Amino acid sequence: MSRIIFALLLVVCLVGSHHLQAQIVTPDLSPFATVTQKIGFNEVRIEYSRPSVRGRIIFGELVPYGEVWRMGANASTKLYIREQLTIQDQYKLPPGVYGMYAIPDKEEWTIILSREPWLWGAFGYSESYDEVRFKVKPQTLKEQIETFTIQFANVCMNCAEIQLLWDFTKVAFSISTNADEKVVASIKSFTNNPESKLAGEYYLAAKYYLDTNKDLDQALIWIDKALQYGPGAYWVTHTKAEILAKKGDYPEAIKTAKLSKEQAEAKDDQDYVRINEKEIEKWEKLKKMKRQ
């Protein structure tokens, strides 16, 4: 009987010990991260795990040269896109989920976007699933990046750069969308309609052409229509001044900015008063330089 009781007590102790051990939770050495960026009309999201240097030699040892790397730790790094992207101004990437891999080397990296994103790391990777594969040059950083980082940088209305930074190495590649085509098509659809008399739409069309360095003569026509159908809007008048200045017509730009300033003062918008004052001062200097 004593042997049976001893055995039961031993089982209880072992179960209790296992239960206690199961309560211990430690932080991840390579914590999971998500980074999201709106580019044009497209939302781009990257999910990855972030290992740290922790005194190790990274590229060439921990991450061997010439071998496929998961771009992080744990599960493969994933790229989510809602609409088609253009990679490096030449590779079309359809909407979907992609595994992000790289083959690092001293002088050149191969970046891979794979149709198989659900692997554990790069185990089971097959080149047959590559959607896009291209080369980039690594850059040497002056300061060490302790924790592996993927970030969006140099973001514009229709483009951005995806940067990989770890240890003393930076690798980057560009992505862009077809948002510009969509915007221009919608502008043409509106402005080609002779019945169109919405001041706000003409203003947006002119402002977009100004901001994206398109046909400034056309932008001037549209901003005049915006003022015709919605007179007295000082921010619209200011945009006309900006278009004129970009065309190099500083006398008319200054004259128009002064009108915008008067309109802003009437509405007690001191921010636009100051903006116009600064622009007038700048354009006065440029006008003098142009005469010389």
# chains A, B, ... in the order shown; residues from 1 in each chain; ligands from 1
call {"tool": "residues_around", "arguments": {"residues": "stretch 86-96 of chain A", "least_positions_apart": "4", "cutoff": "12 Å", "atoms": "only C-alpha atoms", "output": "ChimeraX atom specification"}}
result
/A:39,42-45,78-82,111-117,130-136,158-162,172-179
call {"tool": "residues_around", "arguments": {"residues": "A:Lys197", "least_positions_apart": "4", "cutoff": "12 Å", "atoms": "only C-alpha atoms", "output": "PyMOL selection string"}}
result
chain A and resi 190-193+201-203+222+224-230
call {"tool": "write_last_selection", "arguments": {"atoms": "C-alpha atoms", "output": "short mmCIF file (atom, residue, chain, number, x, y, z; two decimals), in the first residue's frame"}}
result
data_model
loop_
_atom_site.label_atom_id
_atom_site.label_comp_id
_atom_site.auth_asym_id
_atom_site.auth_seq_id
_atom_site.Cartn_x
_atom_site.Cartn_y
_atom_site.Cartn_z
CA PHE A 190 -14.44 65.74 -65.46
CA THR A 191 -12.77 68.57 -67.36
CA ASN A 192 -13.80 67.26 -70.79
CA ASN A 193 -17.46 67.58 -69.78
CA GLU A 201 -13.06 69.74 -58.79
CA TYR A 202 -11.30 72.30 -60.98
CA TYR A 203 -9.23 73.35 -57.98
CA TRP A 222 -8.48 75.06 -64.46
CA ASP A 224 -9.28 80.24 -63.32
CA LYS A 225 -12.41 78.08 -63.72
CA ALA A 226 -12.26 77.24 -60.01
CA LEU A 227 -12.16 80.98 -59.24
CA GLN A 228 -14.93 81.65 -61.73
CA TYR A 229 -17.32 79.13 -60.17
CA GLY A 230 -16.21 79.74 -56.56
#
call {"tool": "closest_residue", "arguments": {"among": "A:Ser128, A:Thr110, A:Thr149, A:Thr140", "to": "A:Thr169", "atoms": "only C-alpha atoms"}}
result
A:Thr140
call {"tool": "select_by_dssp", "arguments": {"residues": "stretch 87-249 of chain A", "states": "strand (DSSP E or B)", "output": "ChimeraX atom specification"}}
result
/A:87,91-93,96-103,109-114,130-136,139-153,159-176
call {"tool": "select_by_dssp", "arguments": {"residues": "stretch 102-286 of chain A", "states": "alpha helix (DSSP H)", "output": "ChimeraX atom specification"}}
result
/A:179-191,199-211,216-229,234-246,250-266,270-286
call {"tool": "closest_residue", "arguments": {"among": "A:Ala253, A:Ile280, A:Ile103, A:Met157", "to": "A:Ala241", "atoms": "only C-alpha atoms"}}
result
A:Ala253
call {"tool": "residues_around", "arguments": {"residues": "A:Ala102", "least_positions_apart": "2", "cutoff": "8 Å", "atoms": "only C-alpha atoms", "output": "compact mmCIF listing (two decimals) with N, CA, C and O atoms, in the first residue's frame"}}
result
# COMPACT_ATOMS: atom_id res chain seq x y z
N VAL A 68 19.65 31.61 -49.50
CA VAL A 68 18.36 32.29 -49.36
C VAL A 68 18.10 32.59 -47.88
O VAL A 68 18.22 31.71 -47.02
N TRP A 69 17.75 33.83 -47.60
CA TRP A 69 17.49 34.29 -46.23
C TRP A 69 16.05 34.78 -46.13
O TRP A 69 15.52 35.40 -47.06
N ARG A 70 15.42 34.56 -45.00
CA ARG A 70 14.01 34.89 -44.80
C ARG A 70 13.73 36.37 -44.57
O ARG A 70 12.60 36.76 -44.36
N MET A 71 14.75 37.22 -44.58
CA MET A 71 14.61 38.65 -44.27
C MET A 71 14.07 38.86 -42.86
O MET A 71 13.06 39.55 -42.66
N MET A 100 8.93 37.45 -48.72
CA MET A 100 10.08 38.29 -49.05
C MET A 100 11.36 37.57 -48.62
O MET A 100 11.56 37.26 -47.45
N PRO A 104 21.89 37.44 -49.80
CA PRO A 104 22.92 38.46 -49.58
C PRO A 104 24.27 38.04 -50.16
O PRO A 104 24.59 36.85 -50.21
N TRP A 109 23.06 42.01 -53.74
CA TRP A 109 22.01 41.18 -53.15
C TRP A 109 20.98 40.83 -54.22
O TRP A 109 20.71 41.63 -55.12
N THR A 110 20.39 39.65 -54.07
CA THR A 110 19.23 39.28 -54.89
C THR A 110 17.99 39.37 -54.00
O THR A 110 17.94 38.75 -52.93
N ILE A 111 17.03 40.16 -54.42
CA ILE A 111 15.75 40.29 -53.70
C ILE A 111 14.73 39.41 -54.40
O ILE A 111 14.61 39.43 -55.64
N ILE A 112 13.99 38.64 -53.62
CA ILE A 112 13.02 37.70 -54.17
C ILE A 112 11.65 37.95 -53.55
O ILE A 112 11.52 38.04 -52.33
call {"tool": "closest_atom_pairs", "arguments": {"of": "stretch 40-124 of chain A", "to": "stretch 21-35 of chain A", "cutoff": "6 Å", "atoms": "only C-alpha atoms", "output": "Markdown table"}}
result
| residue | atom | partner | partner_atom | distance |
| --- | --- | --- | --- | --- |
| A:Arg45 | CA | A:Val35 | CA | 5.8 |
| A:Ile46 | CA | A:Val35 | CA | 5.4 |
| A:Glu47 | CA | A:Thr34 | CA | 4.6 |
| A:Tyr48 | CA | A:Ala33 | CA | 5.5 |
| A:Ser49 | CA | A:Phe32 | CA | 4.2 |
| A:Arg50 | CA | A:Ser30 | CA | 4.6 |
| A:Pro51 | CA | A:Ser30 | CA | 4.2 |
call {"tool": "closest_residue", "arguments": {"among": "A:Ile223, A:Glu265, A:Val273, A:Leu259", "to": "A:Leu198", "atoms": "only C-alpha atoms"}}
result
A:Ile223
call {"tool": "atom_distance", "arguments": {"atom1": "atom CA of A:Ser76", "atom2": "atom CA of A:Ile150"}}
result
13.5 Å
call {"tool": "atom_distance", "arguments": {"atom1": "atom CA of A:Gly99", "atom2": "atom CA of A:Leu119"}}
result
8.2 Å
